[in-house]
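Each remark here refers to the structure printed beneath this line.
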Amino acid sequence: MPKSKRDKKVSLTKTPKKGLEFKQNLIGELRKCVDTYKYVYIFSIANVRNNKLKDIRNAWKHSRIFFGKNKVMMVALGRSPADEYKENLHQVSKHLRGEVGLLFSNRTKAEVLDWFAEFKEVDFARGGNKATLTVGLDKGPLEQFPHSMEPQLRQLGLPTALKKGVVTLISDYEVCKEGDVLTPEQARVLKLFGYKMAEFKVTIRSVWSAETGDFEQLAEDGAEQLGEGEEGDAGLAEESNEETED
């Protein structure tokens with residue numbers, strides 16, 4: 001029997017990757033932004049969420065945002081005074097650690113700080129986040145859940161059973177204590193019961209001025225910057241608008 005042409009094995013080693021050309025293009029875009037905008041801001045993000053990043057990009061279409069690929073951004077700006085693209089940009093590179101990004105803008109420091117100070121949203125926690133309060137569930141019927149969810153709740157560790165077709169908690173249950181590092185199962189239970197414990201927050205940590213070459217640190221490096229990772233959870237989240245501000 002002849003083999004189907006669709007029945008082909010593809011080696012993962014042949015999967016296309018973002019290689020040298022991608023990195024060179026990104027370096028070129030970053031340097032173009034340095035030449036175009038008055039300020040470069042470093043920001044860090046607590047509890048990264050792609051949908052929230054999209055909201056920010058939509059609100060800041062007059063600017064450019066790069067998030068992720070820290071090592072490539074460091075190459076573009078320069079790691080030392082000897083290879084920096086412009087004066088003092090190596091100071092920016094020194095702070096590109098962990099879940100941080102760059103905002104290229106013509107907005108003043110006061111405008112940027114004021115806007116991001118107001119942009120905070122509470123969301124459901126994920127595994128690895130800390131519980132912000134103690135949550136306990138009282139025994140009794142859980143009528144908000146269909147009977148088909150009972151096995152899933154039991155699998156998550158809840159002492160449940162079906163009583164007359166109603167999902168019922170057969171004993172009191174403590175989901176978490178304040179300060180606990182949440183497991184994925186605890187995070188799932190908290191989401192099912194509507195408890196939001198994670199705050200998406202952007203902190204502007206420093207600014208570089210193209211006009212003067214001055215670098216100013218505005219906030220101490222936080223926990224988001226302690227890692228040495230290449231990029232944050234969201235990978236490279238970058239969106240641009242060809243128009244710039246006057």
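By order in the structure tokens, chains are A, B, ...; within a chain, residues start at 1; ligands start at 1, following the order shown.
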Determine which residues of region 34-129 of chain A receive a DSSP assignment of helix (DSSP H, G or I), computed from the backbone, and state them as a PyMOL selection string. chain A and resi 34-36+50-59+70-77+89-94+109-118
So that I can check the surroundings of Lys120 (chain A), please list as a PDB file with C-alpha atoms, in the first residue's frame every protein, DNA and RNA residue that reaches within 7 Å of it, counting only C-alpha atoms and ignoring chain neighbours fewer than 3 positions away.
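That gives us part_26.pdb:
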```pdb
ATOM      1  CA  GLU A 199      -2.216  42.851  40.981  1.00  0.00           C
ATOM      2  CA  PHE A 200      -0.979  43.688  37.507  1.00  0.00           C
ATOM      3  CA  LYS A 201       1.201  46.729  38.050  1.00  0.00           C
TER       4      LYS A 201
END
```
Run DSSP on the backbone and grab whatever in region 41-202 of chain A lands in strand (DSSP E or B); send it over as a ChimeraX atom specification. /A:41-46,64-67,100-105,120-123,130,135-137,140-141,160-163,166-169,173-176,181,198-202
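Counting only C-alpha atoms, the residue from A:Ser44, A:Thr132, A:Gln155, A:Gln186 that sits nearest to Leu102 (chain A) is A:Ser44.
With only C-alpha atoms as the atoms that count, the residue of A:Ala198, A:Val167, A:Met74, A:Ile42 with the shortest distance to Ser105 (chain A) is A:Ile42.
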Show which residues sit within 8 Å of region 174-180 of chain A, as a PyMOL selection string. Count only C-alpha atoms, and ignore same-chain residues fewer than 4 positions away. chain A and resi 130-137+186+189-190
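With CA of Leu77 (chain A) on one side and CA of Arg49 (chain A) on the other, the separation reads 26.4 Å.
Of the residues under consideration (A:Leu20, A:Val100, A:Ala82, A:Leu113), A:Val100 shows the shortest atom-to-atom contact distance to Phe43 (chain A) when counting only C-alpha atoms.
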Shell around Ala117 (chain A) at 10 Å using only C-alpha atoms, local window under 6 positions removed, as a PyMOL selection string: chain A and resi 201-204
Using only C-alpha atoms, which residues sit within 7 Å of region 164-166 of chain A once same-chain residues fewer than 4 positions away are excluded, as a JSON list (two decimals) with N, CA and C atoms, in the first residue's frame?
```
[["chain", "number", "residue", "atom", "x", "y", "z"],
["A", 141, "PRO", "N", -23.75, 22.90, 50.57],
["A", 141, "PRO", "CA", -23.94, 22.81, 49.12],
["A", 141, "PRO", "C", -23.20, 23.91, 48.36],
["A", 143, "GLU", "N", -23.94, 25.25, 45.17],
["A", 143, "GLU", "CA", -24.93, 25.25, 44.10],
["A", 143, "GLU", "C", -24.50, 26.03, 42.86],
["A", 147, "HIS", "N", -23.35, 19.59, 38.56],
["A", 147, "HIS", "CA", -22.94, 18.30, 39.12],
["A", 147, "HIS", "C", -21.76, 17.69, 38.36]]
```
